[in-house]
>>> print(open('entry-v3.cif').read())   # mmCIF, C-alpha atoms
data_target
#
loop_
_atom_site.label_atom_id
_atom_site.label_comp_id
_atom_site.auth_asym_id
_atom_site.auth_seq_id
_atom_site.Cartn_x
_atom_site.Cartn_y
_atom_site.Cartn_z
CA MET Y 1 51.02 -12.00 23.36
CA GLN Y 2 54.38 -13.70 22.88
CA PHE Y 3 57.90 -12.97 24.02
CA SER Y 4 61.41 -13.91 23.05
CA GLU Y 5 64.63 -12.71 24.60
CA GLU Y 6 68.24 -12.32 23.57
CA ARG Y 7 71.38 -10.47 24.54
CA THR Y 8 73.05 -8.19 22.01
CA GLY Y 9 76.00 -6.02 22.99
CA LYS Y 10 74.97 -3.75 25.83
CA PHE Y 11 71.28 -4.61 25.64
CA TYR Y 12 69.12 -7.34 27.00
CA VAL Y 13 66.49 -7.50 24.28
CA LEU Y 14 62.85 -8.40 24.81
CA ASN Y 15 60.86 -9.02 21.62
CA VAL Y 16 57.15 -8.56 22.13
CA SER Y 17 54.45 -9.58 19.69
CA GLY Y 18 50.67 -9.31 19.69
CA ARG Y 19 48.50 -6.92 21.66
CA LEU Y 20 49.36 -5.15 24.88
CA ASP Y 21 46.11 -4.35 26.65
CA ALA Y 22 44.15 -5.03 29.83
CA SER Y 23 44.09 -8.77 29.17
CA THR Y 24 47.81 -9.18 28.42
CA SER Y 25 49.46 -6.49 30.55
CA SER Y 26 49.95 -8.75 33.57
CA SER Y 27 51.99 -11.32 31.62
CA PHE Y 28 54.04 -8.46 30.16
CA GLU Y 29 54.56 -7.12 33.67
CA GLU Y 30 55.69 -10.53 34.96
CA LYS Y 31 58.14 -10.93 32.10
CA LEU Y 32 59.62 -7.45 32.49
CA THR Y 33 59.84 -7.73 36.27
CA SER Y 34 61.69 -11.04 36.05
CA ILE Y 35 64.22 -9.50 33.65
CA ILE Y 36 64.77 -6.46 35.90
CA ASP Y 37 64.95 -8.62 39.03
CA SER Y 38 67.64 -10.76 37.41
CA GLY Y 39 69.81 -7.63 37.38
CA GLU Y 40 69.52 -6.45 33.77
CA LYS Y 41 69.95 -2.68 33.54
CA ASN Y 42 69.93 -1.85 29.86
CA ILE Y 43 66.79 -3.31 28.45
CA LEU Y 44 65.71 -2.88 24.84
CA ILE Y 45 62.14 -3.76 24.00
CA ASN Y 46 61.58 -4.53 20.35
CA PHE Y 47 57.99 -3.70 19.37
CA LYS Y 48 58.32 -4.77 15.74
CA GLU Y 49 55.59 -7.41 16.09
CA LEU Y 50 53.41 -5.38 18.46
CA ASP Y 51 50.06 -4.50 16.90
CA TYR Y 52 48.36 -2.58 19.68
CA ILE Y 53 48.98 -0.88 23.01
CA SER Y 54 46.59 0.72 25.50
CA SER Y 55 47.22 2.70 28.69
CA MET Y 56 47.43 -0.63 30.53
CA GLY Y 57 50.57 -1.44 28.55
CA LEU Y 58 51.99 2.03 29.21
CA ARG Y 59 51.36 1.55 32.92
CA VAL Y 60 53.60 -1.54 32.97
CA LEU Y 61 56.32 0.24 31.00
CA LEU Y 62 56.27 3.25 33.29
CA GLN Y 63 56.53 1.10 36.41
CA ALA Y 64 59.42 -0.83 34.87
CA ALA Y 65 61.19 2.38 33.84
CA LYS Y 66 60.89 3.72 37.40
CA LYS Y 67 62.23 0.45 38.74
CA VAL Y 68 65.34 0.25 36.52
CA LYS Y 69 66.08 3.93 37.04
CA VAL Y 70 66.73 3.23 40.72
CA SER Y 71 69.64 1.01 39.65
CA GLN Y 72 70.81 3.58 37.03
CA GLY Y 73 69.41 1.42 34.26
CA SER Y 74 67.11 2.34 31.42
CA ILE Y 75 64.49 0.94 29.11
CA SER Y 76 64.81 1.65 25.40
CA LEU Y 77 62.23 0.91 22.72
CA CYS Y 78 62.56 0.28 19.00
CA GLU Y 79 60.67 -0.63 15.81
CA MET Y 80 57.37 0.91 16.90
CA LYS Y 81 54.56 1.06 14.37
CA ASP Y 82 53.25 4.57 13.64
CA ASN Y 83 49.98 4.06 15.53
CA ILE Y 84 51.82 2.87 18.61
CA LEU Y 85 54.40 5.63 18.45
CA GLU Y 86 51.53 8.11 18.29
CA VAL Y 87 50.07 6.71 21.52
CA PHE Y 88 53.45 7.25 23.19
CA ASP Y 89 53.57 10.74 21.77
CA ILE Y 90 50.11 11.68 23.07
CA ALA Y 91 51.05 10.31 26.50
CA GLY Y 92 54.28 12.32 26.57
CA PHE Y 93 56.16 9.02 26.87
CA THR Y 94 58.54 9.88 24.07
CA GLN Y 95 60.32 11.98 26.73
CA VAL Y 96 60.35 9.13 29.25
CA PHE Y 97 61.89 6.42 27.04
CA GLN Y 98 64.81 6.35 24.65
CA ILE Y 99 63.09 5.46 21.38
CA TYR Y 100 64.96 4.19 18.34
CA LYS Y 101 63.36 3.93 14.95
CA THR Y 102 65.00 0.64 14.09
CA TYR Y 103 66.62 -2.21 15.95
CA ASN Y 104 69.85 -1.52 14.08
CA ASP Y 105 69.82 2.11 15.25
CA ALA Y 106 69.43 0.90 18.82
CA VAL Y 107 72.30 -1.57 18.81
CA ALA Y 108 74.65 0.52 16.66
CA MET K 1 35.96 -6.89 21.45
CA ALA K 2 39.10 -6.49 19.34
CA GLU K 3 38.09 -9.34 17.03
CA GLU K 4 34.61 -7.99 16.51
CA LEU K 5 35.98 -4.55 15.77
CA GLN K 6 38.40 -6.08 13.29
CA GLN K 7 35.46 -7.69 11.54
CA PHE K 8 33.48 -4.45 11.59
CA GLY K 9 36.52 -2.72 10.11
CA SER K 10 36.95 -5.14 7.24
CA GLU K 11 33.21 -5.22 6.47
CA ASN K 12 33.20 -1.44 6.25
CA ASN K 13 36.59 -0.93 4.61
CA LEU K 14 37.93 1.12 7.49
CA SER K 15 41.59 2.08 7.45
CA ASN K 16 43.91 0.57 10.02
CA ASP K 17 44.40 4.00 11.55
CA VAL K 18 40.69 4.59 12.10
CA LEU K 19 40.25 1.09 13.45
CA PHE K 20 43.17 1.53 15.83
CA ASP K 21 41.73 4.78 17.22
CA ILE K 22 38.26 3.28 17.68
CA ASN K 23 39.70 0.18 19.28
CA LEU K 24 41.87 2.21 21.67
CA SER K 25 39.01 4.50 22.69
CA LEU K 26 36.49 1.73 23.35
CA ASP K 27 39.14 -0.36 25.09
CA GLU K 28 40.09 2.48 27.46
CA LEU K 29 36.46 3.30 28.26
CA VAL K 30 35.41 -0.31 28.85
CA THR K 31 38.53 -1.00 30.96
CA ASN K 32 37.63 2.08 32.99
CA ILE K 33 34.05 0.93 33.56
CA ILE K 34 35.20 -2.54 34.60
CA SER K 35 37.89 -1.15 36.92
CA TYR K 36 35.99 1.69 38.57
CA GLY K 37 32.32 1.50 37.63
CA PHE K 38 31.12 -1.05 40.14
CA GLU K 39 31.79 -1.77 43.80
CA ASP K 40 30.35 -5.28 43.74
CA GLU K 41 31.64 -8.43 42.06
CA ASP K 42 28.42 -9.21 40.23
CA GLU K 43 28.02 -9.50 36.50
CA HIS K 44 27.09 -6.33 34.68
CA LEU K 45 26.27 -5.63 31.07
CA ILE K 46 28.00 -2.91 29.10
CA PHE K 47 26.13 -2.01 25.96
CA ILE K 48 28.19 -0.99 22.94
CA SER K 49 26.88 -0.12 19.51
CA ILE K 50 28.87 1.01 16.50
CA ASN K 51 27.54 2.36 13.23
CA LYS K 52 29.15 3.56 10.06
CA PHE K 53 27.85 6.65 8.31
CA GLN K 54 29.16 8.21 5.15
CA ASN K 55 31.81 10.34 6.83
CA SER K 56 31.90 9.07 10.36
CA ILE K 57 31.73 6.18 12.77
CA GLU K 58 29.35 6.63 15.67
CA MET K 59 29.58 4.68 18.87
CA LEU K 60 27.32 4.45 21.88
CA LEU K 61 28.40 3.09 25.25
CA GLU K 62 25.96 2.47 28.06
CA ASP K 63 26.64 1.16 31.53
CA GLU K 64 24.87 1.14 34.86
CA GLY K 65 27.98 1.88 36.89
CA LYS K 66 28.83 4.88 39.01
CA GLU K 67 28.23 8.24 37.44
CA PHE K 68 31.32 9.06 35.41
CA ASN K 69 31.65 11.85 32.90
CA PRO K 70 34.94 11.46 31.01
CA LEU K 71 34.64 15.05 29.85
CA ASP K 72 35.15 16.21 33.45
CA GLU K 73 38.51 14.46 33.74
CA GLU K 74 41.53 16.72 34.07
CA THR K 75 44.22 16.57 31.42
CA PRO K 76 47.13 14.62 32.88
CA ASP K 77 50.40 16.49 33.44
CA LEU K 78 52.50 15.12 30.59
CA GLY K 79 55.66 17.10 31.23
CA LYS K 80 56.70 15.65 34.58
CA PRO K 81 59.97 13.74 34.98
CA ILE K 82 59.72 9.97 34.96
CA GLU K 83 59.76 9.56 38.76
CA GLU K 84 56.64 11.69 39.10
CA ARG K 85 54.73 10.50 36.09
CA GLU K 86 51.49 8.71 36.84
CA ILE K 87 49.32 6.70 34.55
CA GLY K 88 45.94 7.80 35.88
CA GLY K 89 43.75 9.67 33.46
CA LEU K 90 45.80 8.72 30.43
CA GLY K 91 43.22 6.36 28.95
CA ILE K 92 40.48 8.98 28.99
CA TYR K 93 42.92 11.51 27.57
CA PHE K 94 43.54 9.15 24.63
CA VAL K 95 39.80 9.01 23.98
CA ARG K 96 39.57 12.79 23.96
CA LYS K 97 42.50 13.03 21.55
CA LYS K 98 41.29 10.32 19.20
CA MET K 99 37.57 11.07 18.92
CA ASN K 100 36.13 14.05 17.07
CA GLU K 101 33.00 14.33 19.20
CA ILE K 102 32.18 13.08 22.67
CA SER K 103 28.94 13.69 24.50
CA TYR K 104 27.87 12.39 27.87
CA GLU K 105 24.59 12.09 29.68
CA ARG K 106 23.46 10.46 32.89
CA ASN K 107 19.98 9.10 32.39
CA ASN K 108 17.95 6.57 34.38
CA GLY K 109 20.98 5.46 36.38
CA LYS K 110 23.00 4.93 33.23
CA ASN K 111 26.15 6.52 31.85
CA ILE K 112 25.50 7.14 28.17
CA LEU K 113 28.46 8.13 26.09
CA ARG K 114 28.27 8.96 22.41
CA LEU K 115 31.48 9.05 20.39
CA VAL K 116 32.05 10.17 16.82
CA LYS K 117 35.14 9.46 14.75
CA ASN K 118 35.34 11.22 11.41
CA ILE K 119 36.60 9.11 8.52
#
>>> encode(input="entry-v3.cif", output="structure tokens")
Amino acid sequence: MQFSEERTGKFYVLNVSGRLDASTSSSFEEKLTSIIDSGEKNILINFKELDYISSMGLRVLLQAAKKVKVSQGSISLCEMKDNILEVFDIAGFTQVFQIYKTYNDAVA
Amino acid sequence: MAEELQQFGSENNLSNDVLFDINLSLDELVTNIISYGFEDEDEHLIFISINKFQNSIEMLLEDEGKEFNPLDEETPDLGKPIEEREIGGLGIYFVRKKMNEISYERNNGKNILRLVKNI
């Protein structure tokens, strides 16, 4: 699992690549927590290079979403592959996160 | 496990979608066994077999952990607002959504789970 970060307009963007499962969720959690703790409120996670997510990955996202909501922030997601979007759909997480089809839609 | 499944998938010409669903289901079940199946810190074996048939993939999972029947799990409440959403039970719910057949038995101190994914 690899990360890169950038700032674009209103978003602090976290690009995530690889697999988000039991073995990688703690490094994802650390990364996301450090971004939130630094005061970022509008976080966009770009899942373009993400190949897989399990409930362990969703757990981290849900905790992060709860955390930023306290400071009136939000977590948005974009560029999800169909399989991954379906996991979010089954979990009812498409209601919890603002999901954009493309990165360009998100930053428009 | 993911790498071995990838290899199984390419050897058997499985679609990415089928492979994803199998991977997710086995991942959630194994994570569950490791997290909740045992009180001690000893090493334990989890037995997994996977076979391709003409129209289906069949999987068998065996562990000697605490009795756990995933079919007894309640469906998580998916409509709650974000503050009240919890993650518990979601993994097993994925398995139930993704697999076409699931059967469970407790035999000789073992959890034996049989999964079928139609292809």
>>> resolve_selection(input="entry-v3.cif", expression="the PyMOL selection byres ((chain K) within 8 of (chain Y))", output="MDAnalysis selection string")
chainID K and resid 17 20 24 27:28 31 78:79 81:83 85 87 90:91 94 97
>>> resolve_selection(input="entry-v3.cif", expression="the PyMOL selection byres ((chain Y and resi 2) around 8)", output="list in words")
Met1, Phe3, Ser4, Val16, Ser17 and Gly18 of chain Y
>>> axis_aligned_box(input="entry-v3.cif", around="range 108-118 of chain K", padding_each_side="6 Å", output="JSON")
{"center_x": 26.6, "center_y": 8.1, "center_z": 23.9, "size_x": 29.4, "size_y": 18.3, "size_z": 37.0}
>>> residues_near_point(input="entry-v3.cif", point="(26.7, 1.2, 38.9)", cutoff="7 Å", atoms="all atoms listed in the file", output="PyMOL selection string")
chain K and resi 37-38+64-66
>>> residues_near_point(input="entry-v3.cif", point="(35.6, -0.2, 26.9)", cutoff="12 Å", atoms="all atoms listed in the file", output="number ranges by chain")
Y: 21-22, 54; K: 1-2, 5, 22-37, 45-49, 59-63, 91-92, 95, 113
>>> write_last_selection(input="entry-v3.cif", atoms="C-alpha atoms", output="PDB file, in the coordinates of the input")
ATOM      1  CA  ASP Y  21      46.110  -4.350  26.650  1.00  0.00           C
ATOM      2  CA  ALA Y  22      44.150  -5.030  29.830  1.00  0.00           C
ATOM      3  CA  SER Y  54      46.590   0.720  25.500  1.00  0.00           C
TER       4      SER Y  54
ATOM      5  CA  MET K   1      35.960  -6.890  21.450  1.00  0.00           C
ATOM      6  CA  ALA K   2      39.100  -6.490  19.340  1.00  0.00           C
ATOM      7  CA  LEU K   5      35.980  -4.550  15.770  1.00  0.00           C
ATOM      8  CA  ILE K  22      38.260   3.280  17.680  1.00  0.00           C
ATOM      9  CA  ASN K  23      39.700   0.180  19.280  1.00  0.00           C
ATOM     10  CA  LEU K  24      41.870   2.210  21.670  1.00  0.00           C
ATOM     11  CA  SER K  25      39.010   4.500  22.690  1.00  0.00           C
ATOM     12  CA  LEU K  26      36.490   1.730  23.350  1.00  0.00           C
ATOM     13  CA  ASP K  27      39.140  -0.360  25.090  1.00  0.00           C
ATOM     14  CA  GLU K  28      40.090   2.480  27.460  1.00  0.00           C
ATOM     15  CA  LEU K  29      36.460   3.300  28.260  1.00  0.00           C
ATOM     16  CA  VAL K  30      35.410  -0.310  28.850  1.00  0.00           C
ATOM     17  CA  THR K  31      38.530  -1.000  30.960  1.00  0.00           C
ATOM     18  CA  ASN K  32      37.630   2.080  32.990  1.00  0.00           C
ATOM     19  CA  ILE K  33      34.050   0.930  33.560  1.00  0.00           C
ATOM     20  CA  ILE K  34      35.200  -2.540  34.600  1.00  0.00           C
ATOM     21  CA  SER K  35      37.890  -1.150  36.920  1.00  0.00           C
ATOM     22  CA  TYR K  36      35.990   1.690  38.570  1.00  0.00           C
ATOM     23  CA  GLY K  37      32.320   1.500  37.630  1.00  0.00           C
ATOM     24  CA  LEU K  45      26.270  -5.630  31.070  1.00  0.00           C
ATOM     25  CA  ILE K  46      28.000  -2.910  29.100  1.00  0.00           C
ATOM     26  CA  PHE K  47      26.130  -2.010  25.960  1.00  0.00           C
ATOM     27  CA  ILE K  48      28.190  -0.990  22.940  1.00  0.00           C
ATOM     28  CA  SER K  49      26.880  -0.120  19.510  1.00  0.00           C
ATOM     29  CA  MET K  59      29.580   4.680  18.870  1.00  0.00           C
ATOM     30  CA  LEU K  60      27.320   4.450  21.880  1.00  0.00           C
ATOM     31  CA  LEU K  61      28.400   3.090  25.250  1.00  0.00           C
ATOM     32  CA  GLU K  62      25.960   2.470  28.060  1.00  0.00           C
ATOM     33  CA  ASP K  63      26.640   1.160  31.530  1.00  0.00           C
ATOM     34  CA  GLY K  91      43.220   6.360  28.950  1.00  0.00           C
ATOM     35  CA  ILE K  92      40.480   8.980  28.990  1.00  0.00           C
ATOM     36  CA  VAL K  95      39.800   9.010  23.980  1.00  0.00           C
ATOM     37  CA  LEU K 113      28.460   8.130  26.090  1.00  0.00           C
TER      38      LEU K 113
END
>>> atom_distance(input="entry-v3.cif", atom1="CA of Glu5 in chain Y", atom2="CA of Glu86 in chain Y")
25.4 Å
>>> atom_distance(input="entry-v3.cif", atom1="CA of Gln54 in chain K", atom2="CA of Val116 in chain K")
12.2 Å
>>> resolve_selection(input="entry-v3.cif", expression="the PyMOL selection byres ((chain K and resi 70) around 9)", output="list in words")
Leu29, Phe68, Asn69, Leu71, Asp72, Glu73, Glu74, Ile92, Tyr93, Val95, Arg96, Ile102, Tyr104 and Leu113 of chain K
>>> atom_distance(input="entry-v3.cif", atom1="CA of Val107 in chain Y", atom2="CA of Ser26 in chain Y")
27.7 Å
>>> closest_residue(input="entry-v3.cif", among="Y:Asp37, Y:Glu79, Y:Asp105, Y:Glu30", to="Asn15 in chain Y", atoms="only C-alpha atoms")
Y:Glu79
>>> residues_around(input="entry-v3.cif", residues="Arg106 in chain K", least_positions_apart="5", cutoff="7 Å", atoms="all atoms listed in the file", output="JSON, numbers by chain")
{"K": [67, 111, 112]}
>>> closest_residue(input="entry-v3.cif", among="Y:Gly73, Y:Gly57, Y:Tyr12, Y:Phe28", to="Ile43 in chain Y", atoms="only C-alpha atoms")
Y:Tyr12
>>> residues_around(input="entry-v3.cif", residues="Ile36 in chain Y", least_positions_apart="3", cutoff="8 Å", atoms="all atoms listed in the file", output="PyMOL selection string")
chain Y and resi 32-33+39-41+64+67-68
>>> closest_residue(input="entry-v3.cif", among="Y:Asn42, Y:Ser34, Y:Asn104, Y:Val13", to="Gln72 in chain Y", atoms="all atoms listed in the file")
Y:Asn42
>>> decode(input="entry-v3.cif", residues="range 32-67 of chain Y", atoms="N, CA and C atoms", output="PDB file, in the first residue's frame")
ATOM      1  N   LEU Y  32      -4.188   8.678   7.639  1.00  0.00           N
ATOM      2  CA  LEU Y  32      -5.416   9.481   7.666  1.00  0.00           C
ATOM      3  C   LEU Y  32      -5.516  10.284   8.967  1.00  0.00           C
ATOM      4  N   THR Y  33      -5.142   9.639  10.067  1.00  0.00           N
ATOM      5  CA  THR Y  33      -5.188  10.329  11.366  1.00  0.00           C
ATOM      6  C   THR Y  33      -4.233  11.511  11.381  1.00  0.00           C
ATOM      7  N   SER Y  34      -3.036  11.332  10.794  1.00  0.00           N
ATOM      8  CA  SER Y  34      -2.073  12.435  10.818  1.00  0.00           C
ATOM      9  C   SER Y  34      -2.576  13.606   9.973  1.00  0.00           C
ATOM     10  N   ILE Y  35      -3.278  13.311   8.889  1.00  0.00           N
ATOM     11  CA  ILE Y  35      -3.840  14.385   8.051  1.00  0.00           C
ATOM     12  C   ILE Y  35      -4.943  15.133   8.817  1.00  0.00           C
ATOM     13  N   ILE Y  36      -5.819  14.376   9.464  1.00  0.00           N
ATOM     14  CA  ILE Y  36      -6.923  14.992  10.221  1.00  0.00           C
ATOM     15  C   ILE Y  36      -6.371  15.795  11.403  1.00  0.00           C
ATOM     16  N   ASP Y  37      -5.392  15.210  12.089  1.00  0.00           N
ATOM     17  CA  ASP Y  37      -4.815  15.887  13.259  1.00  0.00           C
ATOM     18  C   ASP Y  37      -4.066  17.166  12.879  1.00  0.00           C
ATOM     19  N   SER Y  38      -3.628  17.241  11.629  1.00  0.00           N
ATOM     20  CA  SER Y  38      -2.940  18.471  11.204  1.00  0.00           C
ATOM     21  C   SER Y  38      -3.948  19.573  10.878  1.00  0.00           C
ATOM     22  N   GLY Y  39      -5.236  19.259  10.986  1.00  0.00           N
ATOM     23  CA  GLY Y  39      -6.261  20.295  10.857  1.00  0.00           C
ATOM     24  C   GLY Y  39      -6.997  20.311   9.526  1.00  0.00           C
ATOM     25  N   GLU Y  40      -6.688  19.357   8.648  1.00  0.00           N
ATOM     26  CA  GLU Y  40      -7.387  19.315   7.355  1.00  0.00           C
ATOM     27  C   GLU Y  40      -8.848  18.910   7.572  1.00  0.00           C
ATOM     28  N   LYS Y  41      -9.750  19.626   6.918  1.00  0.00           N
ATOM     29  CA  LYS Y  41     -11.181  19.332   7.093  1.00  0.00           C
ATOM     30  C   LYS Y  41     -11.816  18.717   5.860  1.00  0.00           C
ATOM     31  N   ASN Y  42     -11.400  19.181   4.701  1.00  0.00           N
ATOM     32  CA  ASN Y  42     -11.979  18.636   3.470  1.00  0.00           C
ATOM     33  C   ASN Y  42     -10.970  17.717   2.799  1.00  0.00           C
ATOM     34  N   ILE Y  43     -11.177  16.452   3.050  1.00  0.00           N
ATOM     35  CA  ILE Y  43     -10.217  15.465   2.570  1.00  0.00           C
ATOM     36  C   ILE Y  43     -10.835  14.679   1.411  1.00  0.00           C
ATOM     37  N   LEU Y  44     -10.078  14.590   0.332  1.00  0.00           N
ATOM     38  CA  LEU Y  44     -10.513  13.785  -0.819  1.00  0.00           C
ATOM     39  C   LEU Y  44      -9.561  12.599  -0.941  1.00  0.00           C
ATOM     40  N   ILE Y  45     -10.126  11.411  -0.906  1.00  0.00           N
ATOM     41  CA  ILE Y  45      -9.289  10.225  -1.073  1.00  0.00           C
ATOM     42  C   ILE Y  45      -9.487   9.697  -2.485  1.00  0.00           C
ATOM     43  N   ASN Y  46      -8.386   9.637  -3.216  1.00  0.00           N
ATOM     44  CA  ASN Y  46      -8.440   9.160  -4.598  1.00  0.00           C
ATOM     45  C   ASN Y  46      -8.081   7.667  -4.622  1.00  0.00           C
ATOM     46  N   PHE Y  47      -9.070   6.858  -4.997  1.00  0.00           N
ATOM     47  CA  PHE Y  47      -8.908   5.401  -4.974  1.00  0.00           C
ATOM     48  C   PHE Y  47      -8.584   4.830  -6.360  1.00  0.00           C
ATOM     49  N   LYS Y  48      -8.098   5.700  -7.243  1.00  0.00           N
ATOM     50  CA  LYS Y  48      -7.853   5.245  -8.624  1.00  0.00           C
ATOM     51  C   LYS Y  48      -6.947   4.015  -8.691  1.00  0.00           C
ATOM     52  N   GLU Y  49      -5.936   3.984  -7.833  1.00  0.00           N
ATOM     53  CA  GLU Y  49      -4.968   2.873  -7.861  1.00  0.00           C
ATOM     54  C   GLU Y  49      -5.258   1.831  -6.778  1.00  0.00           C
ATOM     55  N   LEU Y  50      -6.446   1.904  -6.179  1.00  0.00           N
ATOM     56  CA  LEU Y  50      -6.784   0.922  -5.153  1.00  0.00           C
ATOM     57  C   LEU Y  50      -7.406  -0.309  -5.819  1.00  0.00           C
ATOM     58  N   ASP Y  51      -6.871  -1.480  -5.494  1.00  0.00           N
ATOM     59  CA  ASP Y  51      -7.332  -2.709  -6.144  1.00  0.00           C
ATOM     60  C   ASP Y  51      -8.315  -3.501  -5.298  1.00  0.00           C
ATOM     61  N   TYR Y  52      -8.327  -3.228  -3.992  1.00  0.00           N
ATOM     62  CA  TYR Y  52      -9.095  -4.114  -3.114  1.00  0.00           C
ATOM     63  C   TYR Y  52      -9.382  -3.408  -1.803  1.00  0.00           C
ATOM     64  N   ILE Y  53     -10.567  -3.643  -1.257  1.00  0.00           N
ATOM     65  CA  ILE Y  53     -10.866  -3.138   0.095  1.00  0.00           C
ATOM     66  C   ILE Y  53     -11.707  -4.175   0.837  1.00  0.00           C
ATOM     67  N   SER Y  54     -11.415  -4.350   2.119  1.00  0.00           N
ATOM     68  CA  SER Y  54     -12.235  -5.234   2.950  1.00  0.00           C
ATOM     69  C   SER Y  54     -12.862  -4.395   4.057  1.00  0.00           C
ATOM     70  N   SER Y  55     -13.619  -5.043   4.942  1.00  0.00           N
ATOM     71  CA  SER Y  55     -14.289  -4.296   6.014  1.00  0.00           C
ATOM     72  C   SER Y  55     -13.275  -3.612   6.938  1.00  0.00           C
ATOM     73  N   MET Y  56     -12.045  -4.118   6.966  1.00  0.00           N
ATOM     74  CA  MET Y  56     -11.009  -3.465   7.770  1.00  0.00           C
ATOM     75  C   MET Y  56     -10.687  -2.070   7.216  1.00  0.00           C
ATOM     76  N   GLY Y  57     -10.703  -1.932   5.923  1.00  0.00           N
ATOM     77  CA  GLY Y  57     -10.495  -0.627   5.300  1.00  0.00           C
ATOM     78  C   GLY Y  57     -11.677   0.300   5.560  1.00  0.00           C
ATOM     79  N   LEU Y  58     -12.885  -0.268   5.499  1.00  0.00           N
ATOM     80  CA  LEU Y  58     -14.086   0.534   5.757  1.00  0.00           C
ATOM     81  C   LEU Y  58     -14.109   1.026   7.196  1.00  0.00           C
ATOM     82  N   ARG Y  59     -13.614   0.191   8.099  1.00  0.00           N
ATOM     83  CA  ARG Y  59     -13.572   0.568   9.513  1.00  0.00           C
ATOM     84  C   ARG Y  59     -12.750   1.861   9.706  1.00  0.00           C
ATOM     85  N   VAL Y  60     -11.585   1.894   9.059  1.00  0.00           N
ATOM     86  CA  VAL Y  60     -10.720   3.076   9.172  1.00  0.00           C
ATOM     87  C   VAL Y  60     -11.413   4.311   8.588  1.00  0.00           C
ATOM     88  N   LEU Y  61     -12.048   4.122   7.438  1.00  0.00           N
ATOM     89  CA  LEU Y  61     -12.738   5.252   6.802  1.00  0.00           C
ATOM     90  C   LEU Y  61     -13.878   5.779   7.664  1.00  0.00           C
ATOM     91  N   LEU Y  62     -14.622   4.856   8.265  1.00  0.00           N
ATOM     92  CA  LEU Y  62     -15.749   5.276   9.102  1.00  0.00           C
ATOM     93  C   LEU Y  62     -15.263   6.054  10.328  1.00  0.00           C
ATOM     94  N   GLN Y  63     -14.214   5.554  10.962  1.00  0.00           N
ATOM     95  CA  GLN Y  63     -13.649   6.252  12.123  1.00  0.00           C
ATOM     96  C   GLN Y  63     -13.171   7.649  11.731  1.00  0.00           C
ATOM     97  N   ALA Y  64     -12.514   7.726  10.575  1.00  0.00           N
ATOM     98  CA  ALA Y  64     -12.005   9.021  10.114  1.00  0.00           C
ATOM     99  C   ALA Y  64     -13.152   9.977   9.805  1.00  0.00           C
ATOM    100  N   ALA Y  65     -14.210   9.436   9.191  1.00  0.00           N
ATOM    101  CA  ALA Y  65     -15.362  10.282   8.849  1.00  0.00           C
ATOM    102  C   ALA Y  65     -16.030  10.829  10.111  1.00  0.00           C
ATOM    103  N   LYS Y  66     -16.113   9.987  11.139  1.00  0.00           N
ATOM    104  CA  LYS Y  66     -16.689  10.431  12.418  1.00  0.00           C
ATOM    105  C   LYS Y  66     -15.830  11.540  13.016  1.00  0.00           C
ATOM    106  N   LYS Y  67     -14.520  11.350  12.893  1.00  0.00           N
ATOM    107  CA  LYS Y  67     -13.578  12.288  13.496  1.00  0.00           C
ATOM    108  C   LYS Y  67     -13.627  13.669  12.816  1.00  0.00           C
TER     109      LYS Y  67
END
